[in-house]
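Worksheet: one structure, shown below.
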Amino acid sequence: MKHRGRHRRRRRGRALRAALAGTALALTAAATMISASQATVGDNPGALKPLTSSDATDALRLREHLVPQTSLDRLSSAMGRPVGVGAVLADADDSLRDAADCTAGERTSLPVEPAATRAYCWNTADTHAWQPGAVTTSGDADDDGMWGENRVILSGWSHQARSAAGQDLAKVAFVDANDPGRLSYTWVLLVVPVDGGRTYRPLASHVSGMVWYQDKLLVTTDSGDRNSLYVYDMDRVQRATVDADAVGRVREGWSAHGYRYVLPAVGSYRPAGDERGPRLDGVSLDRSTAPDSLVAGQWVSEGSDRHARLWRYSLSPRDDRSGLLDTDTAGSARAAEAFETKASEIRGVLSYRSDWYVGGASDEQDGHGTLWRQNTDGAKATQCGSDETHHRCWSPRTESLSYWEETGELWSQSGRVLFALPLDSVGGSLD
């Protein structure tokens with residue numbers, strides 16, 4: 001699939017934005033009162049500090065490592081012809097619950113202010129013992145918001161083994177979002193080819209960040225993996241042939257821990273220098289830069305003696321490198337821009353035009369978090385309650401922010417609730 005022009009279907013996008021603007025969700029009064037009572041003023045992180053020294057930017061370099069084509073060809077030849085996103089969506093047999101069918105407990109995961117205009121809840125049977133993570137959409141993949149004839153949402157989840165006999169896993173829900181009133185989905189297991197493409201292993205990592213750009217899906221990894229990002233080709237989804245707990249080639253065929261599809265990695269990015277960094281805890285896409293860029297942020301615990309960094313990598317404008325980072329002749333991706341922020345415990349980062357949106361974790365186990373809008377002039381937080389002292393208004397446990405430019409929506413996920421709201425509404429709730 002080729003990347004389409006930036007200005008296609010804008011008229012359709014404006015109409016959809018207008019329709020969504022009038023569909024605000026009515027949260028329960030009890031949930032709002034509880035959240036407001038928990039809200040307190042956090043420390044204002046202030047303005048972003050640009051990082052311009054070569055030492056600071058060199059520390060953010062990533063080295064690209066692509067899986068050999070022979071390995072990918074060997075795997076697809078053994079498993080059968082890969083299928084596309086459309087074929088996966090056509091096999092969707094599970095549905096998300098609409099906001100009206102979410103429980104009161106589930107709705108406490110929604111932001112207090114600004115209010116979500118769309119919300120959906122995952123089935124407990126599908127997600128029990130799985131940890132929710134990143135969200136990205138076909139609004140990231142293509143600027144007209146479509147992938148072929150479909151609107152698609154991707155939701156990442158991870159499973160941490162509780163025994164030595166188990167295994168860490170990561171999976172993505174491919175959500176058919178063509179009908180806003182009924183979202184259906186199918187699970188795809190993320191894997192990594194090994195042994196020259198003769199088999200594959202599970203991606204054993206929490207998925208806190210994920211961006212679908214053109215035909216590639218870029219996925220963050222946690223500290224247990226030496227890579228900072230894995231790269232997946234959305235045209236290389238493979239069908240599993242065996243329904244078993246194993247992951248990889250088995251005697252009877254190909255197994256994906258009981259799931260019907262696997263998505264094998266086609267490459268990765270790892271730190272070019274110090275193997276301990278950079279760690280990309282959150283990523284998102286910024287279409288307001290030229291070229292488009294991958295935005296990254298890192299988690300720093302509250303009270304740490306170091307500050308968190310926010311930075312971006314340019315995405316390659318070359319047709320033969322669709323969806324990959326822009327690299328130099330040595331195969332290194334360099335930060336196109338970098339900042340230091342005093343915001344701590346960042347959960348989700350987004351950049352659009354000159355503003356950075358940074359989600360902050362709650363300092364209470366079940367409390368709401370803070371959403372900051374930062375730039376080089378200062379910082380403001382969303383507010384709620386009867387005065388301007390309540391900043392704990394954002395969703396409690398969001399790990400990623402994704403902006404669907406064609407519709408003007410900001411998408412995120414908290415707990416077992418997937419939700420969206422207009423990005424413009426964030427500005428209206430800032431103090």
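Labels for the structure tokens follow display order: chains A, B, ..., residues from 1 in each chain, ligands from 1.
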- Message: I'd like the neighbourhood of Val85 (chain A) as a PyMOL selection string, where a residue qualifies if any of its atoms comes within 9 Å (using only C-alpha atoms), though same-chain residues fewer than 6 positions away should be ignored.
- Response: chain A and resi 147-148+150+152+174+234-235+237
Since we have the selection now, will you write its residues out, keeping N, CA and C atoms, as a short mmCIF file (atom, residue, chain, number, x, y, z; two decimals), in the first residue's frame?
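Output below, filename selection-v2.cif:
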data_model
loop_
_atom_site.label_atom_id
_atom_site.label_comp_id
_atom_site.auth_asym_id
_atom_site.auth_seq_id
_atom_site.Cartn_x
_atom_site.Cartn_y
_atom_site.Cartn_z
N TRP A 147 -6.96 2.91 6.06
CA TRP A 147 -6.01 1.93 5.55
C TRP A 147 -6.76 1.09 4.54
N GLY A 148 -6.56 1.38 3.26
CA GLY A 148 -7.40 0.80 2.24
C GLY A 148 -8.80 1.38 2.37
N ASN A 150 -10.63 0.80 5.15
CA ASN A 150 -10.97 0.59 6.56
C ASN A 150 -10.41 1.66 7.49
N VAL A 152 -9.09 1.80 11.28
CA VAL A 152 -8.54 0.74 12.13
C VAL A 152 -7.92 1.36 13.38
N PHE A 174 -6.43 -5.90 16.50
CA PHE A 174 -6.75 -5.19 15.26
C PHE A 174 -8.25 -4.89 15.30
N MET A 234 3.20 -4.36 8.30
CA MET A 234 1.76 -4.66 8.38
C MET A 234 1.26 -5.50 7.22
N ASP A 235 2.07 -5.68 6.20
CA ASP A 235 1.70 -6.56 5.09
C ASP A 235 2.25 -7.97 5.26
N VAL A 237 1.46 -10.10 8.05
CA VAL A 237 0.74 -10.90 9.04
C VAL A 237 0.66 -12.34 8.54
#
- Task: Write out as JSON, numbers by chain each polymer residue whose atoms come within 8 Å of Leu430 (chain A), counting only C-alpha atoms; drop sequence neighbours fewer than 3 positions from it.
- Result: {"A": [380, 381, 382, 383, 426, 427]}
Go ahead and write the residues just picked, all heavy atoms, as a compact mmCIF listing (two decimals), in the first residue's frame.
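Once written, result29.txt looks like this:
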# COMPACT_ATOMS: atom_id res chain seq x y z
N LYS A 380 1.07 24.17 31.20
CA LYS A 380 -0.25 24.28 31.79
C LYS A 380 -0.83 22.88 31.91
O LYS A 380 -0.52 21.99 31.12
CB LYS A 380 -1.18 25.14 30.93
CG LYS A 380 -0.80 26.62 30.90
CD LYS A 380 -1.83 27.42 30.10
CE LYS A 380 -1.51 28.91 30.14
NZ LYS A 380 -2.54 29.71 29.40
N ALA A 381 -1.71 22.69 32.90
CA ALA A 381 -2.33 21.39 33.12
C ALA A 381 -3.84 21.50 32.98
O ALA A 381 -4.42 22.56 33.23
CB ALA A 381 -1.99 20.86 34.52
N THR A 382 -4.46 20.40 32.56
CA THR A 382 -5.92 20.37 32.55
C THR A 382 -6.41 20.50 33.99
O THR A 382 -5.78 20.02 34.92
CB THR A 382 -6.43 19.06 31.94
OG1 THR A 382 -5.84 17.95 32.63
CG2 THR A 382 -6.09 18.98 30.46
N GLN A 383 -7.55 21.18 34.15
CA GLN A 383 -8.08 21.41 35.49
C GLN A 383 -9.52 20.95 35.58
O GLN A 383 -10.23 20.85 34.58
CB GLN A 383 -8.00 22.90 35.84
CG GLN A 383 -8.83 23.79 34.91
CD GLN A 383 -8.85 25.23 35.38
OE1 GLN A 383 -8.54 25.52 36.52
NE2 GLN A 383 -9.22 26.14 34.50
N VAL A 426 -8.71 19.71 24.91
CA VAL A 426 -7.66 19.76 25.91
C VAL A 426 -7.28 21.21 26.18
O VAL A 426 -7.12 21.64 27.32
CB VAL A 426 -6.43 18.95 25.46
CG1 VAL A 426 -5.28 19.12 26.44
CG2 VAL A 426 -6.79 17.48 25.29
N GLY A 427 -7.16 22.00 25.09
CA GLY A 427 -6.83 23.41 25.26
C GLY A 427 -7.87 24.16 26.07
O GLY A 427 -7.55 25.04 26.87
Closest pair table for region 299-404 of chain A residues within 12 Å of region 124-133 of chain A, only C-alpha atoms, as JSON lines:
{"residue": "A:Arg347", "atom": "CA", "partner": "A:Gly133", "partner_atom": "CA", "distance": 10.2}
{"residue": "A:Gly348", "atom": "CA", "partner": "A:Gly133", "partner_atom": "CA", "distance": 10.0}
{"residue": "A:Arg397", "atom": "CA", "partner": "A:Pro132", "partner_atom": "CA", "distance": 9.2}
{"residue": "A:Thr398", "atom": "CA", "partner": "A:Gly133", "partner_atom": "CA", "distance": 7.7}
{"residue": "A:Glu399", "atom": "CA", "partner": "A:Gly133", "partner_atom": "CA", "distance": 5.7}
{"residue": "A:Ser400", "atom": "CA", "partner": "A:Gly133", "partner_atom": "CA", "distance": 7.1}
{"residue": "A:Leu401", "atom": "CA", "partner": "A:Gly133", "partner_atom": "CA", "distance": 10.4}
With N, CA, C and O atoms kept, could you save the residues just selected as an mmCIF file, in the first residue's frame?
data_model
loop_
_atom_site.group_PDB
_atom_site.id
_atom_site.type_symbol
_atom_site.label_atom_id
_atom_site.label_comp_id
_atom_site.auth_asym_id
_atom_site.auth_seq_id
_atom_site.Cartn_x
_atom_site.Cartn_y
_atom_site.Cartn_z
ATOM 1 N N ARG A 347 3.492 9.230 31.437
ATOM 2 C CA ARG A 347 2.695 8.166 30.820
ATOM 3 C C ARG A 347 2.013 8.737 29.584
ATOM 4 O O ARG A 347 0.964 9.344 29.668
ATOM 5 N N GLY A 348 2.630 8.550 28.457
ATOM 6 C CA GLY A 348 2.079 9.052 27.201
ATOM 7 C C GLY A 348 2.675 10.394 26.844
ATOM 8 O O GLY A 348 2.758 11.291 27.677
ATOM 9 N N ARG A 397 -4.335 5.795 34.164
ATOM 10 C CA ARG A 397 -3.266 4.863 33.781
ATOM 11 C C ARG A 397 -3.019 4.825 32.274
ATOM 12 O O ARG A 397 -2.715 3.773 31.720
ATOM 13 N N THR A 398 -3.124 5.931 31.591
ATOM 14 C CA THR A 398 -2.834 5.934 30.160
ATOM 15 C C THR A 398 -1.339 5.753 29.926
ATOM 16 O O THR A 398 -0.518 6.290 30.659
ATOM 17 N N GLU A 399 -0.976 4.974 28.919
ATOM 18 C CA GLU A 399 0.434 4.777 28.593
ATOM 19 C C GLU A 399 0.814 5.381 27.263
ATOM 20 O O GLU A 399 2.012 5.486 26.955
ATOM 21 N N SER A 400 -0.164 5.776 26.454
ATOM 22 C CA SER A 400 0.171 6.369 25.171
ATOM 23 C C SER A 400 -0.916 7.344 24.752
ATOM 24 O O SER A 400 -2.063 7.265 25.201
ATOM 25 N N LEU A 401 -0.522 8.278 23.892
ATOM 26 C CA LEU A 401 -1.427 9.247 23.298
ATOM 27 C C LEU A 401 -1.258 9.170 21.791
ATOM 28 O O LEU A 401 -0.130 9.132 21.290
#
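If only C-alpha atoms are the atoms counted, then among A:Leu89, A:Ala134, A:Val191, A:Leu96 the closest residue to Glu149 (chain A) is A:Leu89.
Using only C-alpha atoms, the shortest contact distance between His390 (chain A) and any of A:Leu218, A:Glu406, A:Val211, A:Gly369 is found at A:Gly369.
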- Message: What does the structure give for the distance between CA of Arg226 (chain A) and CA of Met210 (chain A), in Å to one decimal?
- Response: 17.2 Å
- Task: Could you tell me which of A:Ala308, A:Val188, A:Ala115, A:Leu315 comes closest to Thr327 (chain A) if we count only C-alpha atoms?
- Result: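 The answer is A:Leu315, which sits nearest to Thr327 (chain A).
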- Item | Point-to-point distance in Å for CA of Val194 (chain A) and CA of Asp320 (chain A) |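 Spanning CA of Asp320 (chain A) to CA of Val194 (chain A) is a straight-line distance of 24.6 Å.
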- Task: Fewer than 3 positions away in the same chain doesn't count, so skip those; otherwise give me all residues within 10 Å of Asp225 (chain A), counting only C-alpha atoms, as a ChimeraX atom specification.
- Result: /A:203-205,220-222,228-229,270
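Among A:Val283, A:Cys384, A:Val349, A:Val67, the residue with the shortest atom-to-atom distance to Asp195 (chain A), counting only C-alpha atoms, is A:Val67.
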- region 252-313 of chain A: residues DSSP assigns to strand (DSSP E), reported as a VMD selection string: chain A and resid 253 to 256 261 to 271 282 to 286 293 to 297 308 to 313
- Task: For Tyr259 (chain A), please output as a ChimeraX atom specification all residues within 8 Å (counting only C-alpha atoms; exclusion window: fewer than 3 positions along the same chain).
- Result: /A:187-189,240,243,255-256,262
May I have the residues from that selection written out with N, CA and C atoms, as an mmCIF file, in the first residue's frame?
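The result, written out as result_21.cif:
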data_model
loop_
_atom_site.group_PDB
_atom_site.id
_atom_site.type_symbol
_atom_site.label_atom_id
_atom_site.label_comp_id
_atom_site.auth_asym_id
_atom_site.auth_seq_id
_atom_site.Cartn_x
_atom_site.Cartn_y
_atom_site.Cartn_z
ATOM 1 N N TRP A 187 -7.211 -10.695 17.625
ATOM 2 C CA TRP A 187 -5.884 -10.602 18.231
ATOM 3 C C TRP A 187 -4.801 -11.102 17.294
ATOM 4 N N VAL A 188 -3.643 -10.421 17.314
ATOM 5 C CA VAL A 188 -2.457 -10.814 16.553
ATOM 6 C C VAL A 188 -1.279 -10.826 17.518
ATOM 7 N N LEU A 189 -0.559 -11.940 17.589
ATOM 8 C CA LEU A 189 0.569 -12.071 18.501
ATOM 9 C C LEU A 189 1.830 -11.481 17.854
ATOM 10 N N ALA A 240 -1.453 -18.625 11.880
ATOM 11 C CA ALA A 240 -1.025 -19.801 12.633
ATOM 12 C C ALA A 240 -1.852 -20.997 12.165
ATOM 13 N N ASP A 243 -3.504 -24.717 17.107
ATOM 14 C CA ASP A 243 -4.068 -24.086 18.294
ATOM 15 C C ASP A 243 -3.435 -24.725 19.522
ATOM 16 N N SER A 255 2.415 -22.414 15.728
ATOM 17 C CA SER A 255 1.560 -22.101 16.867
ATOM 18 C C SER A 255 1.790 -20.666 17.327
ATOM 19 N N ALA A 256 0.716 -20.035 17.855
ATOM 20 C CA ALA A 256 0.779 -18.642 18.319
ATOM 21 C C ALA A 256 0.043 -18.497 19.650
ATOM 22 N N VAL A 262 0.016 -14.190 13.671
ATOM 23 C CA VAL A 262 1.253 -13.649 14.234
ATOM 24 C C VAL A 262 1.773 -12.563 13.301
#
